[in-house]
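Structure file my_file_36.cif (mmCIF, C-alpha atoms) follows.
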data_upload
#
loop_
_atom_site.label_atom_id
_atom_site.label_comp_id
_atom_site.auth_asym_id
_atom_site.auth_seq_id
_atom_site.Cartn_x
_atom_site.Cartn_y
_atom_site.Cartn_z
CA MET Z 1 -78.86 50.47 37.80
CA THR Z 2 -80.04 48.05 35.10
CA THR Z 3 -77.98 44.89 34.54
CA THR Z 4 -79.37 43.79 31.16
CA VAL Z 5 -80.20 45.31 27.77
CA THR Z 6 -82.53 44.28 24.95
CA LEU Z 7 -81.40 44.55 21.33
CA PRO Z 8 -83.48 44.21 18.16
CA ILE Z 9 -82.65 41.69 15.45
CA ILE Z 10 -82.21 43.53 12.14
CA GLY Z 11 -81.57 40.55 9.89
CA TYR Z 12 -80.18 37.04 9.50
CA MET Z 13 -77.00 35.77 7.90
CA ARG Z 14 -77.33 33.43 4.92
CA SER Z 15 -74.00 31.65 4.55
CA PRO Z 16 -72.63 28.27 3.38
CA TYR Z 17 -71.63 27.44 6.96
CA GLN Z 18 -74.32 24.97 7.98
CA GLU Z 19 -72.71 23.95 11.29
CA LYS Z 20 -70.15 25.42 13.67
CA PHE Z 21 -67.55 22.79 12.72
CA GLY Z 22 -65.52 24.22 9.86
CA ILE Z 23 -66.24 27.91 10.38
CA PRO Z 24 -62.99 29.93 10.37
CA ARG Z 25 -62.12 31.05 13.88
CA GLN Z 26 -61.70 34.65 12.74
CA PRO Z 27 -63.23 36.72 9.91
CA ASN Z 28 -61.42 37.44 6.63
CA LEU Z 29 -59.34 34.26 6.64
CA VAL Z 30 -61.22 32.98 3.59
CA GLU Z 31 -62.92 34.71 0.64
CA VAL Z 32 -66.35 33.16 1.20
CA GLU Z 33 -69.38 35.13 0.04
CA SER Z 34 -72.58 35.36 2.08
CA TYR Z 35 -75.37 37.86 2.62
CA ILE Z 36 -77.47 39.40 5.36
CA GLU Z 37 -81.21 39.17 4.78
CA MET Z 38 -82.68 42.24 6.42
CA ILE Z 39 -86.09 42.05 8.12
CA GLY Z 40 -88.73 44.74 8.63
CA PRO Z 41 -88.66 47.57 9.38
CA TYR Z 42 -84.91 47.53 8.63
CA ASN Z 43 -85.28 46.17 5.07
CA ASP Z 44 -85.38 49.70 3.66
CA LEU Z 45 -82.81 50.77 1.05
CA ASN Z 46 -82.89 54.27 2.51
CA ALA Z 47 -81.08 52.89 5.56
CA PHE Z 48 -78.10 52.03 3.32
CA VAL Z 49 -77.69 55.26 1.37
CA GLY Z 50 -73.95 56.04 1.29
CA ILE Z 51 -72.81 52.61 2.46
CA GLU Z 52 -71.33 51.81 -0.96
CA GLU Z 53 -68.62 54.39 -0.22
CA PHE Z 54 -67.19 52.06 2.43
CA SER Z 55 -65.15 48.99 1.51
CA HIS Z 56 -65.67 47.13 4.80
CA LEU Z 57 -68.28 46.82 7.53
CA TRP Z 58 -68.45 45.81 11.17
CA LEU Z 59 -71.10 43.20 11.90
CA LEU Z 60 -72.49 42.81 15.42
CA TRP Z 61 -74.26 39.52 15.91
CA GLN Z 62 -75.50 36.96 18.42
CA PHE Z 63 -73.95 33.59 19.25
CA HIS Z 64 -77.38 31.99 18.93
CA ASP Z 65 -76.44 28.32 18.62
CA ASN Z 66 -74.47 27.77 21.83
CA LYS Z 67 -75.84 24.62 23.39
CA ASN Z 68 -73.86 25.24 26.59
CA GLN Z 69 -74.14 29.03 26.81
CA GLN Z 70 -73.15 29.96 30.34
CA ASP Z 71 -75.78 31.21 32.77
CA SER Z 72 -75.00 34.85 33.60
CA THR Z 73 -75.63 34.01 37.25
CA LYS Z 74 -72.88 31.34 37.08
CA PHE Z 75 -70.08 33.37 35.56
CA ARG Z 76 -67.07 31.36 34.36
CA PRO Z 77 -64.07 33.71 34.24
CA GLN Z 78 -61.75 31.48 32.20
CA ILE Z 79 -61.87 29.55 28.90
CA ARG Z 80 -59.49 27.38 26.85
CA PRO Z 81 -58.70 28.97 23.44
CA PRO Z 82 -58.29 26.51 20.52
CA ARG Z 83 -55.25 28.51 19.38
CA LEU Z 84 -53.49 27.43 22.59
CA GLY Z 85 -54.29 23.77 22.00
CA GLY Z 86 -57.39 23.71 24.19
CA ASN Z 87 -55.26 23.07 27.28
CA GLN Z 88 -54.22 26.46 28.61
CA LYS Z 89 -56.75 28.66 30.41
CA ILE Z 90 -56.98 32.42 29.97
CA GLY Z 91 -59.52 35.03 31.04
CA VAL Z 92 -62.73 35.13 29.03
CA PHE Z 93 -62.24 38.86 28.38
CA ALA Z 94 -58.80 38.09 26.91
CA SER Z 95 -60.46 35.93 24.25
CA ARG Z 96 -63.10 35.95 21.54
CA SER Z 97 -64.70 32.82 22.92
CA MET Z 98 -68.38 32.29 22.16
CA TYR Z 99 -68.93 31.34 25.80
CA ARG Z 100 -69.08 34.74 27.49
CA PRO Z 101 -71.50 36.76 29.63
CA ALA Z 102 -73.02 38.57 26.63
CA PRO Z 103 -73.15 36.22 23.60
CA ILE Z 104 -72.27 38.96 21.11
CA GLY Z 105 -69.80 38.57 18.24
CA LEU Z 106 -67.99 41.25 16.24
CA SER Z 107 -66.65 40.69 12.71
CA VAL Z 108 -65.18 42.96 10.07
CA VAL Z 109 -66.09 41.94 6.50
CA LYS Z 110 -65.70 43.25 2.96
CA LEU Z 111 -68.83 44.86 1.49
CA LYS Z 112 -69.74 43.58 -1.97
CA LYS Z 113 -73.13 45.13 -2.67
CA VAL Z 114 -76.57 45.97 -1.30
CA GLU Z 115 -79.63 45.15 -3.37
CA LYS Z 116 -83.38 44.79 -3.15
CA VAL Z 117 -84.59 41.23 -3.73
CA GLY Z 118 -88.36 40.91 -3.69
CA LYS Z 119 -89.61 42.50 -0.49
CA THR Z 120 -86.32 42.29 1.37
CA VAL Z 121 -82.88 43.90 1.23
CA ARG Z 122 -79.72 41.81 1.00
CA VAL Z 123 -76.28 42.99 2.13
CA TYR Z 124 -73.67 40.87 0.33
CA VAL Z 125 -70.33 40.52 2.12
CA VAL Z 126 -67.10 38.54 1.78
CA GLY Z 127 -65.04 37.06 4.61
CA SER Z 128 -67.77 36.46 7.19
CA ASP Z 129 -67.32 33.87 9.94
CA LEU Z 130 -71.03 33.60 10.75
CA LEU Z 131 -73.11 30.43 10.90
CA ASN Z 132 -76.09 30.29 8.56
CA GLY Z 133 -79.09 31.77 10.37
CA THR Z 134 -77.06 33.97 12.75
CA PRO Z 135 -79.10 36.97 13.98
CA LEU Z 136 -77.55 40.40 13.29
CA VAL Z 137 -78.07 43.23 15.77
CA ASP Z 138 -76.19 46.02 13.96
CA ILE Z 139 -74.10 46.99 10.94
CA LYS Z 140 -71.51 49.78 11.13
CA PRO Z 141 -69.01 51.12 8.59
CA TYR Z 142 -65.34 50.29 9.08
CA ILE Z 143 -63.27 53.46 9.50
CA GLN Z 144 -59.73 52.93 8.23
CA TYR Z 145 -57.89 55.67 10.14
CA SER Z 146 -59.30 54.74 13.53
CA ASP Z 147 -60.14 51.02 13.27
CA ALA Z 148 -56.85 49.87 11.71
CA VAL Z 149 -54.00 49.70 14.24
CA THR Z 150 -50.88 48.66 12.34
CA ASP Z 151 -48.65 48.14 15.39
CA ALA Z 152 -51.21 46.28 17.51
CA LYS Z 153 -50.13 43.36 19.69
CA SER Z 154 -52.33 40.25 19.56
CA ALA Z 155 -50.79 37.91 22.15
CA TYR Z 156 -51.29 34.23 21.22
CA ALA Z 157 -53.11 35.23 17.99
CA GLN Z 158 -50.45 37.53 16.55
CA ASP Z 159 -49.92 35.45 13.39
CA GLU Z 160 -52.38 34.01 10.89
CA PRO Z 161 -52.95 30.24 11.11
CA VAL Z 162 -50.87 28.03 8.82
CA ARG Z 163 -52.75 26.82 5.75
CA LYS Z 164 -52.45 23.25 4.46
CA GLN Z 165 -52.57 22.02 0.89
CA VAL Z 166 -55.99 20.69 -0.17
CA VAL Z 167 -56.14 17.68 -2.53
CA TRP Z 168 -59.23 16.16 -4.18
CA LEU Z 169 -59.00 12.37 -4.22
CA GLU Z 170 -60.31 10.67 -7.35
CA ASN Z 171 -63.81 9.78 -6.10
CA ALA Z 172 -64.34 13.28 -4.72
CA ARG Z 173 -63.04 14.88 -7.92
CA ILE Z 174 -65.44 12.82 -10.04
CA SER Z 175 -68.37 13.71 -7.78
CA ARG Z 176 -67.38 17.40 -7.85
CA ASP Z 177 -67.21 17.49 -11.63
CA GLU Z 178 -70.58 15.74 -11.98
CA LEU Z 179 -72.27 18.15 -9.54
CA VAL Z 180 -70.81 21.14 -11.38
CA LYS Z 181 -71.91 19.75 -14.74
CA LYS Z 182 -75.48 19.22 -13.43
CA GLY Z 183 -75.55 22.75 -12.01
CA LYS Z 184 -76.00 21.57 -8.41
CA ILE Z 185 -72.87 23.43 -7.27
CA ASN Z 186 -70.58 25.95 -8.93
CA LEU Z 187 -66.83 26.36 -9.07
CA GLN Z 188 -66.98 29.23 -6.58
CA THR Z 189 -68.43 26.91 -3.94
CA CYS Z 190 -65.63 24.41 -4.57
CA GLN Z 191 -62.98 27.11 -4.28
CA GLU Z 192 -64.54 28.42 -1.06
CA LEU Z 193 -64.60 24.90 0.37
CA GLU Z 194 -60.89 24.50 -0.38
CA GLN Z 195 -60.12 27.75 1.47
CA VAL Z 196 -62.10 26.62 4.52
CA LEU Z 197 -60.48 23.18 4.66
CA ALA Z 198 -56.98 24.64 4.19
CA LEU Z 199 -57.31 26.18 7.67
CA ASP Z 200 -57.73 22.66 9.17
CA PRO Z 201 -61.12 22.87 10.92
CA ARG Z 202 -60.40 20.08 13.42
CA PRO Z 203 -60.39 20.82 17.15
CA ALA Z 204 -56.87 21.45 18.43
CA TYR Z 205 -56.87 18.26 20.51
CA GLN Z 206 -57.60 15.97 17.52
CA ASP Z 207 -54.63 14.71 15.52
CA ASP Z 208 -55.49 11.39 13.90
CA PRO Z 209 -54.34 11.12 10.25
CA GLU Z 210 -56.43 7.95 9.79
CA ARG Z 211 -59.72 9.50 10.83
CA ILE Z 212 -62.30 10.58 8.22
CA TYR Z 213 -64.04 13.80 9.27
CA GLY Z 214 -67.40 15.04 8.09
CA MET Z 215 -68.52 18.62 7.53
CA SER Z 216 -71.57 20.30 5.98
CA PHE Z 217 -70.76 23.19 3.67
CA ALA Z 218 -73.37 24.85 1.46
CA ASN Z 219 -75.33 21.87 0.08
CA LEU Z 220 -72.40 19.47 0.36
CA ASN Z 221 -71.65 16.74 2.88
CA VAL Z 222 -67.86 16.72 2.79
CA ARG Z 223 -65.63 13.86 3.97
CA PHE Z 224 -61.94 14.57 4.46
CA SER Z 225 -58.80 13.48 6.30
CA VAL Z 226 -55.80 15.45 7.54
CA ASP Z 227 -52.13 14.58 7.78
CA GLU Z 228 -49.20 16.79 8.71
CA ASN Z 229 -49.22 18.96 5.57
CA GLN Z 230 -52.27 18.04 3.53
CA ILE Z 231 -56.07 17.92 3.59
CA SER Z 232 -57.49 15.12 1.43
CA ILE Z 233 -61.11 15.36 0.28
CA HIS Z 234 -62.55 11.83 0.07
CA ALA Z 235 -66.19 12.40 -0.87
CA LEU Z 236 -68.98 14.96 -1.32
#
Any chance you could give the structure as structure tokens?
Amino acid sequence: MTTTVTLPIIGYMRSPYQEKFGIPRQPNLVEVESYIEMIGPYNDLNAFVGIEEFSHLWLLWQFHDNKNQQDSTKFRPQIRPPRLGGNQKIGVFASRSMYRPAPIGLSVVKLKKVEKVGKTVRVYVVGSDLLNGTPLVDIKPYIQYSDAVTDAKSAYAQDEPVRKQVVWLENARISRDELVKKGKINLQTCQELEQVLALDPRPAYQDDPERIYGMSFANLNVRFSVDENQISIHAL
């Protein structure tokens, strides 16, 4: 009996998430647009005939940027979910942790469009939680009657995370307006950034209202702080 499988890479995600810090911990928490750049031989529009009839897609992808990915010969059966404060251990198969025997992720996203750009095909989606450059191994249509379970129980992740108010401090607001005026960013990017920050991207064990955090998003280098109810953007 074989103990491993080999999967092809069909494309790569192009998203504003330039680092793992700041990526929403689940898909569809923010309305951020990104696209999958298909590679040959999968960059064929014929492979997408009929896909526009579906509103959502399942993306299967690889956790490719795990610096401490566990060795399959040294299986670790438990992890510490951020949603539980990073203190309580649960079984790895009772989580969506990136540190698992097979580093495969699964995300449902909203389909926006599929189009040919030059020699490649792009699949535009909204709500992805994938790091820029993430390899995709498959795309499947979301089937409403079988994939949506309205009375499902989700243990410690039953409810959506609480969102905080996001405020642009004066220096950040001036920088934002100048960048928009010069065409270096657009208002959509600013709105997407606000959605991401509202989820409070800090690790669960960090709670210092005086600390200034840094995060790369799109082509921005964002500096922000967090208090009990508010995210303050200090600089871009």
Result set, the PyMOL selection byres ((chain Z and resi 193) around 10) on current file, as a PyMOL selection string
chain Z and resi 16-17+22+30-32+166+187-192+194-198+217-218+220+222
Give me the result of the PyMOL selection byres ((chain Z and resi 101) around 7) on this file, residue by residue, as a VMD selection string.
chain Z and resid 72 75 100 102 to 103
Could you save the residues just selected, with C-alpha atoms, as a JSON list (two decimals), in the frame of the given file?
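This is the output file out.json:
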[["chain", "number", "residue", "atom", "x", "y", "z"],
["Z", 72, "SER", "CA", -75.00, 34.85, 33.60],
["Z", 75, "PHE", "CA", -70.08, 33.37, 35.56],
["Z", 100, "ARG", "CA", -69.08, 34.74, 27.49],
["Z", 102, "ALA", "CA", -73.02, 38.57, 26.63],
["Z", 103, "PRO", "CA", -73.15, 36.22, 23.60]]
Two-atom distance - atom CA of Z:Asp129, atom CA of Z:Lys182 (Å):
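According to the coordinates, atom CA of Z:Asp129 and atom CA of Z:Lys182 are separated by 28.8 Å.
Our summary of the geometry notes that atom CA of Z:Pro24 is positioned 11.7 Å from atom CA of Z:Arg163.
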Select from stretch 10-100 of chain Z every residue with an atom at most 9 Å from any atom of stretch 142-151 of chain Z, then for each give the shortest pair of atoms and their distance in Å to one decimal, using all atoms listed in the file, rows by chain and rising number, as a tab-separated table.
residue	atom	partner	partner_atom	distance
Z:Phe54	CA	Z:Tyr142	CA	7.1
Z:Ser55	CA	Z:Tyr142	CA	7.7
Z:His56	CA	Z:Tyr142	CA	5.3
Z:Leu57	CA	Z:Tyr142	CA	4.8
Z:Trp58	CA	Z:Tyr142	CA	5.8
Just give me the gap between atom CA of Z:Val137 and atom CA of Z:Lys116 in Å, one decimal is fine.
19.7 Å
Can you pull out every residue within 7 Å of Z:Pro82, counting only C-alpha atoms, but drop anything in the same chain fewer than 4 positions away, and send it as a PyMOL selection string?
chain Z and resi 86+203-204
Restricting the calculation to all atoms listed in the file, which member of Z:Arg76, Z:His234, Z:Lys20, Z:Arg25 is positioned closest to Z:Glu170?
Z:His234
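With only C-alpha atoms as the atoms that count, the minimum distance from Z:Ser97 to the choices Z:Thr4, Z:Asn43, Z:Ser154, Z:Gln26 is reached by Z:Gln26.
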Counting only C-alpha atoms, closest pick from Z:Leu29, Z:Val126, Z:Val167, Z:Ile174 relative to Z:Gln230 is Z:Val167
Please identify all polymer residues within 6 Å of Z:Pro135, counting all atoms listed in the file, omitting same-chain residues fewer than 2 positions from it, and present them as a VMD selection string.
chain Z and resid 11 to 12 61 to 62
Produce a file of the selected residues containing C-alpha atoms, as a PDB file, in the frame of the given file.
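Output below, filename selection31.pdb:
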ATOM      1  CA  GLY Z  11     -81.570  40.550   9.890  1.00  0.00           C
ATOM      2  CA  TYR Z  12     -80.180  37.040   9.500  1.00  0.00           C
ATOM      3  CA  TRP Z  61     -74.260  39.520  15.910  1.00  0.00           C
ATOM      4  CA  GLN Z  62     -75.500  36.960  18.420  1.00  0.00           C
TER       5      GLN Z  62
END
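Every protein or nucleic acid residue with an atom no more than 12 Å from Z:Ile9, counting all atoms listed in the file and leaving out same-chain residues fewer than 3 positions away, appears here: Z:Thr6, Z:Tyr12, Z:Met13, Z:Ile36, Z:Glu37, Z:Met38, Z:Ile39, Z:Gly40, Z:Pro41, Z:Tyr42, Z:Asn43, Z:Leu60, Z:Trp61, Z:Gln62, Z:His64, Z:Gly133, Z:Thr134, Z:Pro135, Z:Leu136, Z:Val137, Z:Asp138, Z:Ile139.
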